[in-house]
Amino acid sequence: MRTIIRMLAVLTIIGVISGGLLSQISIWSKPKIAAHRELETKNAIFQVLPEGKSFTKMETANLEVYSVFDDSGKLIGYAVPFEGNGFQGKIRMMAGLTSDLDKVTGLQVLEQVETPGLGTKIVEDPSQKEDPYWFPNQFKEVETQPMIGVVKNQKPVNKYDIQAITGATISSKAVVQIMNQGIQVLRKMDAEGKLNNAGGEK
């Protein structure tokens, strides 16, 4: 009986100490994670809108939107973090769009947990030595009207289509679906006059 009590006491002490340490680590790491994510977001904004020199952030109930401006302060488009479900879990990406929302200027996948060697090709495809980033790259200049589509095993004919990754059609379609849903929300915001076109700051 005493042995059991001793074991329970030791386990309780270990649990309390471990919980305290984890809490301290969380407090220490939280601002560092936030700073890293902020830097990642800023870099992604200028990746998807490379002509941009400054931006302003606008948060709504539905989306986080960055209005992006050139060096003269003219609005050139929007950078928007879109998030949704992929084949294995959440996909988070940064999309760049022209100011009229009619074309994609760039796409960068920020977070994903897709199947290694298949779904992960939405970020990088090592088998394509000449252009390992061919999947996100093909979104550049893609038209968003009527909506972005997906074709399999062939090059797109329409200006609003992209080619799916062989063996990862679900992940490919998930990216497109997340894009289309996010663009619909943006269009609604634009129609309601809720998109911020004010001058930017770095």
# chains A, B, ... in the order shown; residues from 1 in each chain; ligands from 1
$ residues_around --residues "segment 97-100 of chain A" --least-positions-apart "3" --cutoff "9 Å" --atoms "only C-alpha atoms" --output "ChimeraX atom specification"
/A:48-49,67-68,75-80,103-106,183
$ write_last_selection --atoms "N, CA and C atoms" --output "short mmCIF file (atom, residue, chain, number, x, y, z; two decimals), in the first residue's frame"
data_model
loop_
_atom_site.label_atom_id
_atom_site.label_comp_id
_atom_site.auth_asym_id
_atom_site.auth_seq_id
_atom_site.Cartn_x
_atom_site.Cartn_y
_atom_site.Cartn_z
N VAL A 48 3.62 36.69 -53.87
CA VAL A 48 2.45 36.55 -54.75
C VAL A 48 2.11 37.84 -55.48
N LEU A 49 2.64 38.96 -55.01
CA LEU A 49 2.49 40.24 -55.70
C LEU A 49 3.86 40.91 -55.74
N SER A 67 -4.21 44.81 -48.71
CA SER A 67 -4.20 45.65 -49.91
C SER A 67 -2.75 45.98 -50.22
N VAL A 68 -2.31 45.72 -51.45
CA VAL A 68 -0.90 45.86 -51.81
C VAL A 68 -0.74 46.99 -52.82
N LEU A 75 -2.88 51.12 -55.74
CA LEU A 75 -3.32 49.76 -55.45
C LEU A 75 -3.08 48.87 -56.65
N ILE A 76 -2.35 47.76 -56.45
CA ILE A 76 -2.11 46.84 -57.56
C ILE A 76 -2.80 45.49 -57.36
N GLY A 77 -3.28 45.24 -56.15
CA GLY A 77 -3.98 43.98 -55.94
C GLY A 77 -4.13 43.65 -54.46
N TYR A 78 -4.54 42.43 -54.23
CA TYR A 78 -4.78 41.96 -52.86
C TYR A 78 -4.04 40.65 -52.62
N ALA A 79 -3.48 40.53 -51.44
CA ALA A 79 -2.89 39.26 -51.00
C ALA A 79 -3.77 38.75 -49.87
N VAL A 80 -4.21 37.51 -50.01
CA VAL A 80 -5.19 36.98 -49.05
C VAL A 80 -4.80 35.57 -48.60
N LYS A 103 -7.87 38.13 -61.99
CA LYS A 103 -6.73 37.26 -62.26
C LYS A 103 -5.94 36.97 -61.00
N VAL A 104 -5.34 35.79 -60.97
CA VAL A 104 -4.43 35.42 -59.90
C VAL A 104 -3.03 35.90 -60.29
N THR A 105 -2.34 36.52 -59.36
CA THR A 105 -0.98 36.98 -59.63
C THR A 105 0.07 36.03 -59.09
N GLY A 106 -0.33 35.17 -58.15
CA GLY A 106 0.62 34.21 -57.58
C GLY A 106 -0.03 33.41 -56.47
N ILE A 183 -12.28 33.61 -53.15
CA ILE A 183 -12.52 34.67 -54.14
C ILE A 183 -13.99 35.09 -54.12
#
$ residues_around --residues "segment 133-147 of chain A" --least-positions-apart "6" --cutoff "8 Å" --atoms "only C-alpha atoms" --output "PDB file with N, CA and C atoms, in the first residue's frame"
ATOM      1  N   LEU A 101      -9.864  41.618 -59.108  1.00  0.00           N
ATOM      2  CA  LEU A 101     -10.124  40.235 -58.691  1.00  0.00           C
ATOM      3  C   LEU A 101     -10.328  39.274 -59.865  1.00  0.00           C
ATOM      4  N   ASP A 102      -9.951  39.692 -61.067  1.00  0.00           N
ATOM      5  CA  ASP A 102     -10.199  38.869 -62.252  1.00  0.00           C
ATOM      6  C   ASP A 102      -9.055  37.910 -62.579  1.00  0.00           C
ATOM      7  N   LYS A 103      -7.873  38.134 -61.990  1.00  0.00           N
ATOM      8  CA  LYS A 103      -6.732  37.262 -62.260  1.00  0.00           C
ATOM      9  C   LYS A 103      -5.943  36.974 -60.996  1.00  0.00           C
ATOM     10  N   VAL A 104      -5.340  35.793 -60.974  1.00  0.00           N
ATOM     11  CA  VAL A 104      -4.427  35.424 -59.897  1.00  0.00           C
ATOM     12  C   VAL A 104      -3.034  35.901 -60.286  1.00  0.00           C
ATOM     13  N   THR A 105      -2.344  36.518 -59.359  1.00  0.00           N
ATOM     14  CA  THR A 105      -0.984  36.981 -59.635  1.00  0.00           C
ATOM     15  C   THR A 105       0.071  36.027 -59.087  1.00  0.00           C
ATOM     16  N   GLY A 106      -0.330  35.172 -58.154  1.00  0.00           N
ATOM     17  CA  GLY A 106       0.622  34.214 -57.584  1.00  0.00           C
ATOM     18  C   GLY A 106      -0.027  33.409 -56.467  1.00  0.00           C
ATOM     19  N   LEU A 107       0.610  32.304 -56.156  1.00  0.00           N
ATOM     20  CA  LEU A 107       0.105  31.433 -55.095  1.00  0.00           C
ATOM     21  C   LEU A 107       1.276  30.803 -54.361  1.00  0.00           C
ATOM     22  N   GLN A 108       1.226  30.823 -53.044  1.00  0.00           N
ATOM     23  CA  GLN A 108       2.246  30.168 -52.229  1.00  0.00           C
ATOM     24  C   GLN A 108       1.561  29.395 -51.108  1.00  0.00           C
ATOM     25  N   VAL A 109       1.819  28.089 -51.058  1.00  0.00           N
ATOM     26  CA  VAL A 109       1.263  27.255 -49.997  1.00  0.00           C
ATOM     27  C   VAL A 109       2.123  27.433 -48.750  1.00  0.00           C
ATOM     28  N   LYS A 121       3.195  17.766 -53.466  1.00  0.00           N
ATOM     29  CA  LYS A 121       3.613  18.404 -54.718  1.00  0.00           C
ATOM     30  C   LYS A 121       2.861  19.708 -54.968  1.00  0.00           C
ATOM     31  N   ILE A 122       1.836  19.994 -54.166  1.00  0.00           N
ATOM     32  CA  ILE A 122       1.183  21.300 -54.278  1.00  0.00           C
ATOM     33  C   ILE A 122       2.149  22.409 -53.864  1.00  0.00           C
ATOM     34  N   VAL A 123       3.190  22.032 -53.120  1.00  0.00           N
ATOM     35  CA  VAL A 123       4.233  22.986 -52.719  1.00  0.00           C
ATOM     36  C   VAL A 123       5.421  22.889 -53.679  1.00  0.00           C
ATOM     37  N   GLU A 124       5.951  21.667 -53.812  1.00  0.00           N
ATOM     38  CA  GLU A 124       7.142  21.442 -54.634  1.00  0.00           C
ATOM     39  C   GLU A 124       7.116  20.014 -55.165  1.00  0.00           C
ATOM     40  N   ASP A 125       7.480  19.869 -56.428  1.00  0.00           N
ATOM     41  CA  ASP A 125       7.502  18.567 -57.082  1.00  0.00           C
ATOM     42  C   ASP A 125       8.941  18.232 -57.469  1.00  0.00           C
ATOM     43  N   LYS A 159      -8.265  29.688 -70.067  1.00  0.00           N
ATOM     44  CA  LYS A 159      -7.426  30.558 -69.243  1.00  0.00           C
ATOM     45  C   LYS A 159      -7.793  30.505 -67.760  1.00  0.00           C
ATOM     46  N   TYR A 160      -8.904  29.839 -67.450  1.00  0.00           N
ATOM     47  CA  TYR A 160      -9.327  29.738 -66.049  1.00  0.00           C
ATOM     48  C   TYR A 160      -9.087  28.344 -65.477  1.00  0.00           C
ATOM     49  N   ASP A 161      -8.378  27.492 -66.219  1.00  0.00           N
ATOM     50  CA  ASP A 161      -8.100  26.132 -65.745  1.00  0.00           C
ATOM     51  C   ASP A 161      -6.644  25.943 -65.339  1.00  0.00           C
ATOM     52  N   ILE A 162      -6.422  25.005 -64.417  1.00  0.00           N
ATOM     53  CA  ILE A 162      -5.070  24.568 -64.080  1.00  0.00           C
ATOM     54  C   ILE A 162      -5.019  23.037 -64.191  1.00  0.00           C
ATOM     55  N   GLN A 163      -3.809  22.506 -64.306  1.00  0.00           N
ATOM     56  CA  GLN A 163      -3.631  21.060 -64.439  1.00  0.00           C
ATOM     57  C   GLN A 163      -3.423  20.423 -63.071  1.00  0.00           C
ATOM     58  N   ALA A 164      -4.156  19.332 -62.823  1.00  0.00           N
ATOM     59  CA  ALA A 164      -4.030  18.612 -61.554  1.00  0.00           C
ATOM     60  C   ALA A 164      -2.729  17.825 -61.510  1.00  0.00           C
ATOM     61  N   ILE A 165      -2.262  17.556 -60.316  1.00  0.00           N
ATOM     62  CA  ILE A 165      -1.070  16.729 -60.109  1.00  0.00           C
ATOM     63  C   ILE A 165      -1.467  15.270 -60.279  1.00  0.00           C
ATOM     64  N   ASN A 180     -11.426  29.258 -54.962  1.00  0.00           N
ATOM     65  CA  ASN A 180     -12.718  29.725 -55.475  1.00  0.00           C
ATOM     66  C   ASN A 180     -13.620  30.229 -54.353  1.00  0.00           C
ATOM     67  N   ILE A 183     -12.276  33.611 -53.152  1.00  0.00           N
ATOM     68  CA  ILE A 183     -12.520  34.671 -54.139  1.00  0.00           C
ATOM     69  C   ILE A 183     -13.987  35.095 -54.120  1.00  0.00           C
TER      70      ILE A 183
END
$ atom_distance --atom1 "atom CA of Ser127 of chain A" --atom2 "atom CA of Val151 of chain A"
20.0 Å
$ residues_around --residues "Gly89 of chain A" --least-positions-apart "4" --cutoff "9 Å" --atoms "only C-alpha atoms" --output "list in words"
Gly84, Asn85, Gln112, Val113 and Glu114 of chain A
$ closest_residue --among "A:Phe46, A:Tyr66, A:Phe82, A:Phe87" --to "Gly167 of chain A" --atoms "only C-alpha atoms"
A:Phe87
$ atom_distance --atom1 "atom CA of Ile148 of chain A" --atom2 "atom CA of Val176 of chain A"
6.5 Å
$ select_by_dssp --residues "segment 3-178 of chain A" --states "strand (DSSP E or B)" --output "ChimeraX atom specification"
/A:54-59,64-69,75-85,90-98,103-111,143,149-151,161-163
$ write_last_selection --atoms "C-alpha atoms" --output "tab-separated table (two decimals), in the first residue's frame"
chain	number	residue	atom	x	y	z
A	54	SER	CA	3.87	48.26	-49.32
A	55	PHE	CA	0.62	46.96	-47.91
A	56	THR	CA	-2.14	47.58	-45.40
A	57	LYS	CA	-3.93	44.90	-43.44
A	58	MET	CA	-7.67	44.64	-43.08
A	59	GLU	CA	-9.35	41.98	-40.95
A	64	GLU	CA	-7.72	38.66	-43.52
A	65	VAL	CA	-6.99	40.88	-46.54
A	66	TYR	CA	-3.83	42.76	-47.47
A	67	SER	CA	-4.20	45.65	-49.91
A	68	VAL	CA	-0.90	45.86	-51.81
A	69	PHE	CA	0.52	49.02	-53.42
A	75	LEU	CA	-3.32	49.76	-55.45
A	76	ILE	CA	-2.11	46.84	-57.56
A	77	GLY	CA	-3.98	43.98	-55.94
A	78	TYR	CA	-4.78	41.96	-52.86
A	79	ALA	CA	-2.89	39.26	-51.00
A	80	VAL	CA	-5.19	36.98	-49.05
A	81	PRO	CA	-4.45	33.99	-46.79
A	82	PHE	CA	-6.94	31.27	-47.73
A	83	GLU	CA	-7.46	28.16	-45.63
A	84	GLY	CA	-9.49	24.99	-46.07
A	85	ASN	CA	-9.49	21.21	-46.02
A	90	LYS	CA	-5.75	21.85	-43.38
A	91	ILE	CA	-4.12	23.68	-46.28
A	92	ARG	CA	-3.18	27.31	-45.70
A	93	MET	CA	-1.90	29.43	-48.57
A	94	MET	CA	-1.35	33.01	-49.68
A	95	ALA	CA	-3.02	34.04	-52.92
A	96	GLY	CA	-2.35	37.20	-54.89
A	97	LEU	CA	-5.10	38.77	-56.98
A	98	THR	CA	-5.34	41.78	-59.27
A	103	LYS	CA	-6.73	37.26	-62.26
A	104	VAL	CA	-4.43	35.42	-59.90
A	105	THR	CA	-0.98	36.98	-59.63
A	106	GLY	CA	0.62	34.21	-57.58
A	107	LEU	CA	0.11	31.43	-55.09
A	108	GLN	CA	2.25	30.17	-52.23
A	109	VAL	CA	1.26	27.26	-50.00
A	110	LEU	CA	2.24	28.12	-46.42
A	111	GLU	CA	1.06	25.07	-44.47
A	143	GLU	CA	-8.47	34.00	-64.73
A	149	GLY	CA	-11.22	24.84	-62.91
A	150	VAL	CA	-9.10	21.67	-62.89
A	151	VAL	CA	-8.17	19.38	-65.80
A	161	ASP	CA	-8.10	26.13	-65.75
A	162	ILE	CA	-5.07	24.57	-64.08
A	163	GLN	CA	-3.63	21.06	-64.44
$ select_by_dssp --residues "segment 44-149 of chain A" --states "helix (DSSP H, G or I)" --output "PyMOL selection string"
chain A and resi 44-48+119-122+134-137
$ write_last_selection --atoms "N, CA and C atoms" --output "tab-separated table (two decimals), in the first residue's frame"
chain	number	residue	atom	x	y	z
A	44	ALA	N	5.41	36.20	-48.00
A	44	ALA	CA	4.47	35.59	-48.95
A	44	ALA	C	3.70	36.66	-49.72
A	45	ILE	N	3.37	37.78	-49.06
A	45	ILE	CA	2.65	38.86	-49.73
A	45	ILE	C	3.43	39.35	-50.94
A	46	PHE	N	4.73	39.57	-50.75
A	46	PHE	CA	5.55	40.07	-51.85
A	46	PHE	C	5.96	38.98	-52.83
A	47	GLN	N	5.78	37.72	-52.45
A	47	GLN	CA	6.00	36.62	-53.39
A	47	GLN	C	4.84	36.54	-54.38
A	48	VAL	N	3.62	36.69	-53.87
A	48	VAL	CA	2.45	36.55	-54.75
A	48	VAL	C	2.11	37.84	-55.48
A	119	GLY	N	0.54	14.49	-52.49
A	119	GLY	CA	-0.13	15.76	-52.20
A	119	GLY	C	0.82	16.90	-51.88
A	120	THR	N	2.01	16.56	-51.37
A	120	THR	CA	2.99	17.61	-51.04
A	120	THR	C	3.51	18.33	-52.29
A	121	LYS	N	3.20	17.77	-53.47
A	121	LYS	CA	3.61	18.40	-54.72
A	121	LYS	C	2.86	19.71	-54.97
A	122	ILE	N	1.84	19.99	-54.17
A	122	ILE	CA	1.18	21.30	-54.28
A	122	ILE	C	2.15	22.41	-53.86
A	134	TRP	N	6.07	23.91	-60.40
A	134	TRP	CA	5.15	24.08	-61.54
A	134	TRP	C	3.69	24.17	-61.10
A	135	PHE	N	3.31	23.46	-60.03
A	135	PHE	CA	1.89	23.49	-59.65
A	135	PHE	C	1.47	24.87	-59.16
A	136	PRO	N	2.11	25.45	-58.13
A	136	PRO	CA	1.68	26.80	-57.74
A	136	PRO	C	1.97	27.85	-58.81
A	137	ASN	N	3.04	27.63	-59.61
A	137	ASN	CA	3.40	28.61	-60.63
A	137	ASN	C	2.33	28.75	-61.71
$ atom_distance --atom1 "atom CA of Ile170 of chain A" --atom2 "atom CA of Gln128 of chain A"
19.7 Å
$ closest_residue --among "A:Thr12, A:Thr166, A:Thr60, A:Asn158" --to "Gly117 of chain A" --atoms "only C-alpha atoms"
A:Thr166
